[in-house]
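Containing mmCIF, C-alpha atoms: work_32.cif.
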data_start
#
loop_
_atom_site.label_atom_id
_atom_site.label_comp_id
_atom_site.auth_asym_id
_atom_site.auth_seq_id
_atom_site.Cartn_x
_atom_site.Cartn_y
_atom_site.Cartn_z
CA MET Y 24 -47.64 -44.37 11.28
CA ARG Y 25 -46.04 -42.93 14.40
CA ALA Y 26 -48.38 -41.97 17.20
CA ASN Y 27 -49.00 -38.25 17.54
CA ARG Y 28 -48.35 -37.76 21.23
CA THR Y 29 -49.29 -34.70 23.17
CA PRO Y 30 -46.71 -33.40 25.64
CA ALA Y 31 -49.25 -31.92 28.01
CA SER Y 32 -50.31 -33.51 31.28
CA ARG Y 33 -47.69 -36.26 31.27
CA PRO Y 34 -47.59 -38.63 34.24
CA ARG Y 35 -44.07 -39.58 35.28
CA PRO Y 36 -43.76 -43.16 36.55
CA VAL Y 37 -40.09 -42.46 37.31
CA PRO Y 38 -39.73 -39.92 40.14
CA ALA Y 39 -37.78 -36.76 39.41
CA PRO Y 40 -34.15 -36.77 40.58
CA GLY Y 41 -33.73 -35.68 44.17
CA LYS Y 42 -36.89 -37.43 45.39
CA ALA Y 43 -36.62 -40.83 47.02
CA PRO Y 44 -38.93 -43.30 45.25
CA ALA Y 45 -41.59 -44.97 47.35
CA ARG Y 46 -40.97 -48.58 46.36
CA GLY Y 47 -41.51 -50.61 49.52
CA ARG Y 48 -38.17 -52.09 50.49
CA LEU Y 49 -36.29 -49.78 48.14
CA ALA Y 50 -35.95 -46.76 50.41
CA ARG Y 51 -33.41 -44.69 52.26
CA ALA Y 52 -34.34 -46.35 55.54
CA ALA Y 53 -33.06 -49.69 54.23
CA LEU Y 54 -29.64 -48.12 53.81
CA HIS Y 55 -29.83 -46.13 57.07
CA LEU Y 56 -29.45 -42.90 55.14
CA PRO Y 57 -30.62 -39.52 56.47
CA ALA Y 58 -33.76 -37.84 55.20
CA LEU Y 59 -33.28 -35.57 52.21
CA VAL Y 60 -32.56 -31.94 52.99
CA PRO Y 61 -31.42 -29.11 50.70
CA ALA Y 62 -27.95 -29.55 49.28
CA THR Y 63 -26.14 -28.17 52.31
CA ALA Y 64 -23.72 -31.06 52.20
CA THR Y 65 -21.77 -29.22 49.52
CA ALA Y 66 -21.94 -25.82 51.18
CA HIS Y 67 -18.46 -25.71 52.65
CA VAL Y 68 -17.02 -27.24 49.47
CA ALA Y 69 -18.83 -24.54 47.51
CA ALA Y 70 -17.24 -21.88 49.68
CA GLY Y 71 -13.75 -23.13 48.90
CA GLY Y 72 -14.03 -24.70 45.48
CA GLY Y 73 -16.71 -22.83 43.61
CA VAL Y 74 -19.17 -25.73 43.62
CA PRO Y 75 -22.75 -24.43 43.90
CA ALA Y 76 -24.55 -25.73 47.00
CA TYR Y 77 -27.87 -25.44 45.20
CA GLY Y 78 -26.68 -26.08 41.68
CA PRO Y 79 -28.19 -28.21 38.90
CA VAL Y 80 -28.26 -31.95 39.33
CA LEU Y 81 -27.63 -34.68 36.82
CA PRO Y 82 -30.81 -35.99 35.19
CA GLY Y 83 -32.12 -39.47 35.75
CA PRO Y 84 -32.56 -42.18 33.14
CA PRO Y 85 -34.83 -41.51 30.18
CA THR Y 86 -38.49 -42.25 30.74
CA TRP Y 87 -39.69 -45.44 29.08
CA ARG Y 88 -41.49 -43.46 26.38
CA SER Y 89 -38.56 -41.23 25.50
CA ALA Y 90 -36.17 -44.20 25.57
CA LEU Y 91 -38.33 -46.20 23.18
CA ASP Y 92 -38.78 -43.19 20.91
CA ALA Y 93 -35.02 -42.66 20.80
CA LEU Y 94 -34.49 -46.30 19.87
CA TRP Y 95 -37.15 -46.12 17.15
CA ALA Y 96 -35.41 -43.00 15.82
CA SER Y 97 -32.10 -44.84 15.76
CA LEU Y 98 -33.64 -47.69 13.79
CA ALA Y 99 -35.14 -45.25 11.29
CA ASP Y 100 -31.96 -43.20 10.88
CA GLU Y 101 -28.71 -45.00 10.07
CA GLY Y 102 -26.74 -41.98 11.24
CA PHE Y 103 -28.39 -41.71 14.65
CA GLY Y 104 -26.13 -44.33 16.22
CA GLY Y 105 -23.34 -41.89 16.96
CA VAL Y 106 -25.51 -39.24 18.60
CA GLU Y 107 -25.28 -38.85 22.36
CA LEU Y 108 -28.64 -39.48 23.98
CA ALA Y 109 -30.11 -36.88 26.31
CA ARG Y 110 -31.34 -38.03 29.68
CA THR Y 111 -34.57 -36.76 31.11
CA GLY Y 112 -34.51 -34.66 34.25
CA ALA Y 113 -36.82 -32.32 36.06
CA GLY Y 114 -36.61 -29.93 33.13
CA GLY Y 115 -37.76 -32.44 30.55
CA PRO Y 116 -35.96 -34.11 27.68
CA GLY Y 117 -33.40 -32.43 25.52
CA PRO Y 118 -29.78 -31.30 25.67
CA ARG Y 119 -28.63 -29.00 28.43
CA PRO Y 120 -26.09 -26.18 28.19
CA LEU Y 121 -22.48 -27.27 28.66
CA GLU Y 122 -22.10 -24.86 31.57
CA GLN Y 123 -25.03 -26.46 33.39
CA GLU Y 124 -23.60 -29.92 32.73
CA SER Y 125 -20.26 -28.80 34.16
CA ASP Y 126 -21.92 -27.40 37.30
CA ALA Y 127 -23.81 -30.64 37.81
CA GLN Y 128 -20.64 -32.70 37.45
CA ARG Y 129 -18.81 -30.45 39.92
CA ARG Y 130 -21.58 -30.92 42.44
CA VAL Y 131 -21.44 -34.72 42.01
CA ALA Y 132 -17.66 -34.59 42.43
CA ALA Y 133 -18.14 -32.63 45.67
CA LEU Y 134 -20.69 -35.16 46.92
CA VAL Y 135 -18.32 -38.04 46.12
CA HIS Y 136 -15.50 -36.28 47.97
CA LEU Y 137 -17.66 -35.74 51.06
CA ALA Y 138 -19.03 -39.29 50.95
CA GLN Y 139 -15.48 -40.63 50.89
CA GLN Y 140 -14.85 -38.66 54.07
CA GLY Y 141 -17.74 -40.44 55.76
CA ASP Y 142 -20.51 -37.90 55.13
CA LYS Y 143 -23.71 -40.01 55.00
CA GLU Y 144 -25.82 -37.07 53.89
CA ALA Y 145 -23.61 -36.64 50.83
CA PHE Y 146 -23.96 -40.33 49.97
CA ALA Y 147 -27.72 -40.02 50.51
CA GLN Y 148 -27.82 -37.32 47.85
CA LEU Y 149 -25.85 -39.56 45.46
CA TYR Y 150 -28.43 -42.25 46.17
CA ASP Y 151 -31.25 -39.88 45.24
CA LEU Y 152 -29.50 -38.91 42.01
CA TYR Y 153 -28.85 -42.46 40.80
CA VAL Y 154 -31.38 -44.84 42.41
CA ASP Y 155 -33.75 -44.62 39.43
CA THR Y 156 -30.95 -45.40 36.97
CA ILE Y 157 -29.88 -48.49 38.91
CA PHE Y 158 -33.42 -49.70 39.58
CA ARG Y 159 -34.25 -49.41 35.85
CA TYR Y 160 -31.14 -51.40 34.90
CA VAL Y 161 -31.79 -54.16 37.44
CA LEU Y 162 -35.49 -54.39 36.56
CA VAL Y 163 -34.61 -54.87 32.90
CA ARG Y 164 -32.31 -57.72 33.90
CA VAL Y 165 -34.57 -59.62 36.30
CA ALA Y 166 -38.17 -58.52 35.43
CA ASN Y 167 -39.17 -58.94 39.08
CA ARG Y 168 -39.86 -55.78 41.05
CA ALA Y 169 -39.29 -57.25 44.52
CA LEU Y 170 -35.97 -58.77 43.45
CA ALA Y 171 -35.01 -55.56 41.62
CA GLU Y 172 -35.66 -53.58 44.81
CA ASP Y 173 -33.50 -55.93 46.86
CA LEU Y 174 -30.63 -55.89 44.37
CA THR Y 175 -30.81 -52.11 44.00
CA SER Y 176 -30.60 -51.66 47.77
CA GLU Y 177 -27.68 -54.10 47.91
CA THR Y 178 -25.96 -52.16 45.13
CA PHE Y 179 -25.97 -48.97 47.19
CA ILE Y 180 -24.99 -50.80 50.37
CA ARG Y 181 -21.91 -52.15 48.59
CA ALA Y 182 -21.22 -48.78 46.99
CA MET Y 183 -21.37 -47.08 50.39
CA ARG Y 184 -18.89 -49.58 51.80
CA ARG Y 185 -16.56 -49.23 48.81
CA ILE Y 186 -16.87 -45.52 48.06
CA ASP Y 187 -13.22 -45.06 49.06
CA SER Y 188 -12.20 -47.25 46.11
CA PHE Y 189 -13.85 -44.96 43.57
CA THR Y 190 -11.47 -42.60 41.79
CA TRP Y 191 -13.03 -39.48 40.28
CA GLN Y 192 -11.83 -39.06 36.69
CA GLY Y 193 -14.30 -36.43 35.55
CA LYS Y 194 -16.75 -39.17 34.49
CA ASP Y 195 -20.27 -39.81 35.70
CA ILE Y 196 -20.29 -42.12 38.73
CA ALA Y 197 -23.35 -43.83 37.21
CA ALA Y 198 -21.08 -46.29 35.39
CA TRP Y 199 -19.53 -47.36 38.71
CA PHE Y 200 -22.94 -47.94 40.29
CA VAL Y 201 -24.13 -49.89 37.22
CA THR Y 202 -20.99 -52.06 37.33
CA ILE Y 203 -21.70 -52.99 40.97
CA ALA Y 204 -25.32 -53.84 40.08
CA ARG Y 205 -24.15 -55.83 37.07
CA ASN Y 206 -21.82 -57.95 39.24
CA LEU Y 207 -24.56 -58.52 41.81
CA ILE Y 208 -26.94 -59.74 39.13
CA ALA Y 209 -24.28 -62.06 37.72
CA ASP Y 210 -23.76 -63.52 41.21
CA HIS Y 211 -27.51 -63.92 41.67
CA VAL Y 212 -28.21 -65.72 38.41
CA LYS Y 213 -24.85 -67.54 38.42
CA SER Y 214 -24.15 -66.30 34.92
CA ALA Y 215 -22.57 -63.19 33.45
CA ARG Y 216 -24.66 -63.55 30.28
CA PHE Y 217 -26.93 -60.57 29.79
CA ARG Y 218 -30.61 -61.39 29.44
CA PHE Y 219 -33.15 -58.74 28.54
CA GLU Y 220 -36.04 -59.70 30.82
CA VAL Y 221 -38.17 -56.58 31.14
CA ALA Y 222 -41.89 -57.21 30.94
CA THR Y 223 -43.73 -55.22 28.32
CA ALA Y 224 -46.22 -54.21 31.02
CA ASP Y 225 -43.48 -52.14 32.64
CA MET Y 226 -43.11 -50.17 29.44
CA ARG Y 227 -46.83 -49.56 29.15
CA ASP Y 228 -46.68 -46.87 31.81
CA ALA Y 229 -46.28 -44.39 28.97
CA ASP Y 230 -44.98 -40.98 29.90
CA GLU Y 231 -46.97 -39.24 27.19
CA ARG Y 232 -50.57 -39.77 26.26
CA VAL Y 233 -51.61 -40.39 22.68
CA ASP Y 234 -54.47 -38.65 20.96
CA ALA Y 235 -56.85 -41.58 20.62
CA PRO Y 236 -57.28 -45.07 22.17
CA ASP Y 237 -56.84 -46.85 18.84
CA THR Y 238 -53.55 -45.01 18.26
CA GLU Y 239 -52.40 -45.95 21.74
CA VAL Y 240 -53.16 -49.61 21.08
CA LEU Y 241 -51.14 -49.52 17.86
CA THR Y 242 -48.26 -47.81 19.65
CA ARG Y 243 -48.21 -50.43 22.39
CA LEU Y 244 -48.31 -53.28 19.90
CA ARG Y 245 -45.45 -51.69 18.03
CA ASP Y 246 -43.44 -51.27 21.22
CA GLU Y 247 -44.09 -54.89 22.17
CA ARG Y 248 -42.61 -55.93 18.82
CA LEU Y 249 -39.53 -53.86 19.63
CA VAL Y 250 -39.17 -55.37 23.12
CA ALA Y 251 -39.54 -58.87 21.70
CA ALA Y 252 -36.86 -58.08 19.10
CA ILE Y 253 -34.42 -56.84 21.76
CA LYS Y 254 -34.87 -60.16 23.59
CA GLN Y 255 -33.71 -61.95 20.44
CA LEU Y 256 -30.42 -60.05 20.26
CA GLY Y 257 -27.17 -61.51 21.46
CA PRO Y 258 -26.29 -60.66 25.07
CA ASP Y 259 -23.66 -58.04 24.19
CA GLN Y 260 -25.94 -56.28 21.73
CA ALA Y 261 -28.93 -56.35 24.11
CA GLU Y 262 -26.88 -54.89 26.95
CA CYS Y 263 -25.47 -52.17 24.71
CA ILE Y 264 -28.99 -51.18 23.63
CA THR Y 265 -30.13 -51.22 27.26
CA LEU Y 266 -27.30 -49.05 28.54
CA ARG Y 267 -27.36 -46.56 25.68
CA PHE Y 268 -31.10 -46.14 25.20
CA LEU Y 269 -33.01 -47.39 28.24
CA GLN Y 270 -30.42 -46.09 30.71
CA GLY Y 271 -29.27 -43.11 28.67
CA LEU Y 272 -25.61 -43.68 29.54
CA SER Y 273 -23.02 -41.86 27.50
CA LEU Y 274 -20.79 -43.67 25.06
CA ALA Y 275 -17.86 -43.35 27.48
CA ASP Y 276 -19.84 -44.68 30.46
CA THR Y 277 -21.23 -47.57 28.42
CA ALA Y 278 -17.68 -48.46 27.40
CA ARG Y 279 -16.60 -48.45 31.06
CA VAL Y 280 -19.43 -50.76 32.10
CA LEU Y 281 -18.84 -53.19 29.23
CA GLY Y 282 -15.05 -53.04 29.53
CA LYS Y 283 -14.70 -52.05 25.88
CA SER Y 284 -13.30 -49.11 23.97
CA GLU Y 285 -15.65 -46.36 22.81
CA GLY Y 286 -14.99 -47.38 19.20
CA ALA Y 287 -15.97 -50.97 20.00
CA VAL Y 288 -19.21 -49.78 21.65
CA LYS Y 289 -20.05 -47.68 18.57
CA GLN Y 290 -19.65 -50.73 16.36
CA LEU Y 291 -21.61 -52.89 18.80
CA GLN Y 292 -24.47 -50.37 18.82
CA LEU Y 293 -24.43 -50.20 15.03
CA ARG Y 294 -24.60 -53.98 14.72
CA ALA Y 295 -27.40 -54.12 17.31
CA THR Y 296 -29.54 -51.54 15.52
CA ARG Y 297 -29.00 -53.30 12.20
CA ALA Y 298 -30.03 -56.61 13.78
CA LEU Y 299 -33.15 -54.97 15.19
CA ARG Y 300 -34.06 -53.57 11.78
CA LYS Y 301 -33.85 -57.06 10.35
CA LEU Y 302 -35.95 -58.53 13.17
CA LEU Y 303 -38.53 -55.78 12.73
CA ASP Y 304 -38.86 -56.29 8.99
CA GLY Y 305 -42.32 -55.16 7.95
CA VAL Y 306 -42.79 -52.78 10.90
CA GLU Y 307 -42.90 -49.10 9.94
CA LEU Y 308 -39.91 -47.37 11.55
#
Kindly return the structure encoded in the file as structure tokens.
Amino acid sequence: MRANRTPASRPRPVPAPGKAPARGRLARAALHLPALVPATATAHVAAGGGVPAYGPVLPGPPTWRSALDALWASLADEGFGGVELARTGAGGPGPRPLEQESDAQRRVAALVHLAQQGDKEAFAQLYDLYVDTIFRYVLVRVANRALAEDLTSETFIRAMRRIDSFTWQGKDIAAWFVTIARNLIADHVKSARFRFEVATADMRDADERVDAPDTEVLTRLRDERLVAAIKQLGPDQAECITLRFLQGLSLADTARVLGKSEGAVKQLQLRATRALRKLLDGVEL
């Protein structure tokens, strides 16, 4: 039986977008970035190009709880595999209006443009928007917080140096950041093979409380079974599940990171969910 979770009073282990996480070495100071101020970096772009200086921002990655719930839903519903997953931002989970999405993308495009002109404040705001996404991805790969912090910082250092090479194509820049992190991890472990290494303890920082302790225990045991099953998947399938569900990347962005077509990613996700169902035989979906 699924846990009946209450949405009220939910702690958020992942900071809301726009707030620099306090993670020791993983901080703006390590990248020599300016302190966060209101989005004035896009003000003069807004004046000329209609980009709101204080517009909506792109949401961060899904919380662990919402990501796991989305994956459980996919396993229970054969048709869920083609549905785009909603990220979680300051406003909570769920789809956002297309107009708001467009405004957020325009603001990111403006920040990228300014960063490519040498504006460190603009790059600092990109850092704030995407640091949680990258840290989550790296942590899943290495299961070591100190190492994940170092590799995340190095990802943004390299991105800052190479921002001129990024070409805006109307897509989320998250895929570009993830690709840099992915290459850094491959260099570090001397292997491009994806390994799902996240510790189940990291997923226990549930974002929503359950009604009773016994229900919470059952939920955690169930989630541990799911995590163990993901670790048994092939590297391509495990990375697809990670990018689509734990990172909340779109189908298009996942395809860019994996270097595959969107159709190939759909099939890969379908095969991965089917493999998980088989591995979780006997567990109520």
message: Residues within 8 Å of Arg297 of chain Y, please, as a list of chain:residue names. Count all atoms listed in the file; anything in the same chain fewer than 4 positions from it doesn't count.
response: Y:Leu98, Y:Leu293, Y:Lys301
When the PyMOL selection byres ((chain Y and resi 181-192) around 12) is applied to the file above, which residues end up in the set, as a compact mmCIF listing (two decimals) with C-alpha atoms, in the frame of the given file?
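This went into expr-v7.txt:
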# COMPACT_ATOMS: atom_id res chain seq x y z
CA LEU Y 54 -29.64 -48.12 53.81
CA HIS Y 55 -29.83 -46.13 57.07
CA LEU Y 56 -29.45 -42.90 55.14
CA GLN Y 128 -20.64 -32.70 37.45
CA ARG Y 129 -18.81 -30.45 39.92
CA VAL Y 131 -21.44 -34.72 42.01
CA ALA Y 132 -17.66 -34.59 42.43
CA ALA Y 133 -18.14 -32.63 45.67
CA LEU Y 134 -20.69 -35.16 46.92
CA VAL Y 135 -18.32 -38.04 46.12
CA HIS Y 136 -15.50 -36.28 47.97
CA LEU Y 137 -17.66 -35.74 51.06
CA ALA Y 138 -19.03 -39.29 50.95
CA GLN Y 139 -15.48 -40.63 50.89
CA GLN Y 140 -14.85 -38.66 54.07
CA GLY Y 141 -17.74 -40.44 55.76
CA ASP Y 142 -20.51 -37.90 55.13
CA LYS Y 143 -23.71 -40.01 55.00
CA GLU Y 144 -25.82 -37.07 53.89
CA ALA Y 145 -23.61 -36.64 50.83
CA PHE Y 146 -23.96 -40.33 49.97
CA ALA Y 147 -27.72 -40.02 50.51
CA GLN Y 148 -27.82 -37.32 47.85
CA LEU Y 149 -25.85 -39.56 45.46
CA TYR Y 150 -28.43 -42.25 46.17
CA TYR Y 153 -28.85 -42.46 40.80
CA VAL Y 154 -31.38 -44.84 42.41
CA ILE Y 157 -29.88 -48.49 38.91
CA LEU Y 174 -30.63 -55.89 44.37
CA THR Y 175 -30.81 -52.11 44.00
CA SER Y 176 -30.60 -51.66 47.77
CA GLU Y 177 -27.68 -54.10 47.91
CA THR Y 178 -25.96 -52.16 45.13
CA PHE Y 179 -25.97 -48.97 47.19
CA ILE Y 180 -24.99 -50.80 50.37
CA GLY Y 193 -14.30 -36.43 35.55
CA LYS Y 194 -16.75 -39.17 34.49
CA ASP Y 195 -20.27 -39.81 35.70
CA ILE Y 196 -20.29 -42.12 38.73
CA ALA Y 197 -23.35 -43.83 37.21
CA ALA Y 198 -21.08 -46.29 35.39
CA TRP Y 199 -19.53 -47.36 38.71
CA PHE Y 200 -22.94 -47.94 40.29
CA VAL Y 201 -24.13 -49.89 37.22
CA THR Y 202 -20.99 -52.06 37.33
CA ILE Y 203 -21.70 -52.99 40.97
CA ALA Y 204 -25.32 -53.84 40.08
CA ASN Y 206 -21.82 -57.95 39.24
CA LEU Y 207 -24.56 -58.52 41.81
CA ALA Y 275 -17.86 -43.35 27.48
CA ASP Y 276 -19.84 -44.68 30.46
CA ARG Y 279 -16.60 -48.45 31.06
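Running the PyMOL selection byres ((chain Y and resi 289) around 10) on this file leaves Gly104, Gly105, Cys263, Leu274, Thr277, Ala278, Ser284, Glu285, Gly286, Ala287, Val288, Gln290, Leu291, Gln292, Leu293, Arg294 and Ala295 of chain Y selected.
Compared by their closest atoms to Glu307 of chain Y, and using only C-alpha atoms, the residues Y:Leu241, Y:Val280, Y:Ala166, Y:Val212 rank with Y:Leu241 nearest.
What separates atom CA of Glu239 of chain Y from atom CA of Trp95 of chain Y is a distance of 15.9 Å.
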field: Between atom CA of Asp151 of chain Y and atom CA of Glu220 of chain Y - distance in Å to one decimal
entry: 25.0 Å
task: List the residues matched by the PyMOL selection byres ((chain Y and resi 163) around 10) in the displayed structure as a PyMOL selection string, ordered by chain and then by residue number.
output: chain Y and resi 157-162+164-168+171+218-222+225+262+265+269-270
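Atom pair atom CA of Asp92 of chain Y / atom CA of Leu266 of chain Y: separated by 15.0 Å.
Among the candidate residues Y:Ala127, Y:Phe268, Y:Ala169, Y:Ile208, the one lying nearest to Arg88 of chain Y is Y:Phe268, with distances computed using only C-alpha atoms.
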Using 8 Å of padding on each side, determine the axis-aligned box around all atoms of segment 270-289 of chain Y present in the file and give its centre and edge lengths in Å to one decimal, as JSON.
{"center_x": -21.9, "center_y": -47.5, "center_z": 25.3, "size_x": 33.1, "size_y": 27.3, "size_z": 29.5}
Missing atoms in segment 272-286 of chain Y: can you complete it with N, CA, C and O atoms, as a PDB file, in the frame of the given file?
ATOM      1  N   LEU Y 272     -27.018 -43.896  29.207  1.00  0.00           N
ATOM      2  CA  LEU Y 272     -25.610 -43.680  29.540  1.00  0.00           C
ATOM      3  C   LEU Y 272     -24.860 -43.151  28.311  1.00  0.00           C
ATOM      4  O   LEU Y 272     -25.195 -43.452  27.177  1.00  0.00           O
ATOM      5  N   SER Y 273     -23.852 -42.382  28.579  1.00  0.00           N
ATOM      6  CA  SER Y 273     -23.020 -41.860  27.500  1.00  0.00           C
ATOM      7  C   SER Y 273     -22.224 -42.990  26.871  1.00  0.00           C
ATOM      8  O   SER Y 273     -22.111 -44.100  27.420  1.00  0.00           O
ATOM      9  N   LEU Y 274     -21.639 -42.696  25.725  1.00  0.00           N
ATOM     10  CA  LEU Y 274     -20.790 -43.670  25.060  1.00  0.00           C
ATOM     11  C   LEU Y 274     -19.628 -44.073  25.956  1.00  0.00           C
ATOM     12  O   LEU Y 274     -19.283 -45.261  26.088  1.00  0.00           O
ATOM     13  N   ALA Y 275     -19.008 -43.078  26.614  1.00  0.00           N
ATOM     14  CA  ALA Y 275     -17.860 -43.350  27.480  1.00  0.00           C
ATOM     15  C   ALA Y 275     -18.255 -44.220  28.675  1.00  0.00           C
ATOM     16  O   ALA Y 275     -17.546 -45.162  29.037  1.00  0.00           O
ATOM     17  N   ASP Y 276     -19.406 -43.910  29.301  1.00  0.00           N
ATOM     18  CA  ASP Y 276     -19.840 -44.680  30.460  1.00  0.00           C
ATOM     19  C   ASP Y 276     -20.242 -46.093  30.067  1.00  0.00           C
ATOM     20  O   ASP Y 276     -19.981 -47.058  30.799  1.00  0.00           O
ATOM     21  N   THR Y 277     -20.875 -46.236  28.910  1.00  0.00           N
ATOM     22  CA  THR Y 277     -21.230 -47.570  28.420  1.00  0.00           C
ATOM     23  C   THR Y 277     -19.970 -48.398  28.192  1.00  0.00           C
ATOM     24  O   THR Y 277     -19.924 -49.587  28.525  1.00  0.00           O
ATOM     25  N   ALA Y 278     -18.950 -47.761  27.635  1.00  0.00           N
ATOM     26  CA  ALA Y 278     -17.680 -48.460  27.400  1.00  0.00           C
ATOM     27  C   ALA Y 278     -17.058 -48.914  28.718  1.00  0.00           C
ATOM     28  O   ALA Y 278     -16.513 -50.020  28.815  1.00  0.00           O
ATOM     29  N   ARG Y 279     -17.158 -48.082  29.752  1.00  0.00           N
ATOM     30  CA  ARG Y 279     -16.600 -48.450  31.060  1.00  0.00           C
ATOM     31  C   ARG Y 279     -17.327 -49.641  31.658  1.00  0.00           C
ATOM     32  O   ARG Y 279     -16.707 -50.554  32.219  1.00  0.00           O
ATOM     33  N   VAL Y 280     -18.649 -49.647  31.551  1.00  0.00           N
ATOM     34  CA  VAL Y 280     -19.430 -50.760  32.100  1.00  0.00           C
ATOM     35  C   VAL Y 280     -19.125 -52.059  31.364  1.00  0.00           C
ATOM     36  O   VAL Y 280     -18.944 -53.122  31.986  1.00  0.00           O
ATOM     37  N   LEU Y 281     -19.050 -51.992  30.045  1.00  0.00           N
ATOM     38  CA  LEU Y 281     -18.840 -53.190  29.230  1.00  0.00           C
ATOM     39  C   LEU Y 281     -17.374 -53.601  29.151  1.00  0.00           C
ATOM     40  O   LEU Y 281     -17.062 -54.692  28.661  1.00  0.00           O
ATOM     41  N   GLY Y 282     -16.475 -52.724  29.607  1.00  0.00           N
ATOM     42  CA  GLY Y 282     -15.050 -53.040  29.530  1.00  0.00           C
ATOM     43  C   GLY Y 282     -14.536 -53.034  28.106  1.00  0.00           C
ATOM     44  O   GLY Y 282     -13.658 -53.821  27.745  1.00  0.00           O
ATOM     45  N   LYS Y 283     -15.097 -52.143  27.280  1.00  0.00           N
ATOM     46  CA  LYS Y 283     -14.700 -52.050  25.880  1.00  0.00           C
ATOM     47  C   LYS Y 283     -14.266 -50.627  25.559  1.00  0.00           C
ATOM     48  O   LYS Y 283     -14.504 -49.703  26.347  1.00  0.00           O
ATOM     49  N   SER Y 284     -13.645 -50.452  24.416  1.00  0.00           N
ATOM     50  CA  SER Y 284     -13.300 -49.110  23.970  1.00  0.00           C
ATOM     51  C   SER Y 284     -14.554 -48.427  23.428  1.00  0.00           C
ATOM     52  O   SER Y 284     -15.544 -49.091  23.081  1.00  0.00           O
ATOM     53  N   GLU Y 285     -14.511 -47.097  23.346  1.00  0.00           N
ATOM     54  CA  GLU Y 285     -15.650 -46.360  22.810  1.00  0.00           C
ATOM     55  C   GLU Y 285     -15.908 -46.747  21.352  1.00  0.00           C
ATOM     56  O   GLU Y 285     -17.054 -46.837  20.913  1.00  0.00           O
ATOM     57  N   GLY Y 286     -14.836 -46.962  20.592  1.00  0.00           N
ATOM     58  CA  GLY Y 286     -14.990 -47.380  19.200  1.00  0.00           C
ATOM     59  C   GLY Y 286     -15.687 -48.729  19.101  1.00  0.00           C
ATOM     60  O   GLY Y 286     -16.539 -48.935  18.223  1.00  0.00           O
TER      61      GLY Y 286
END
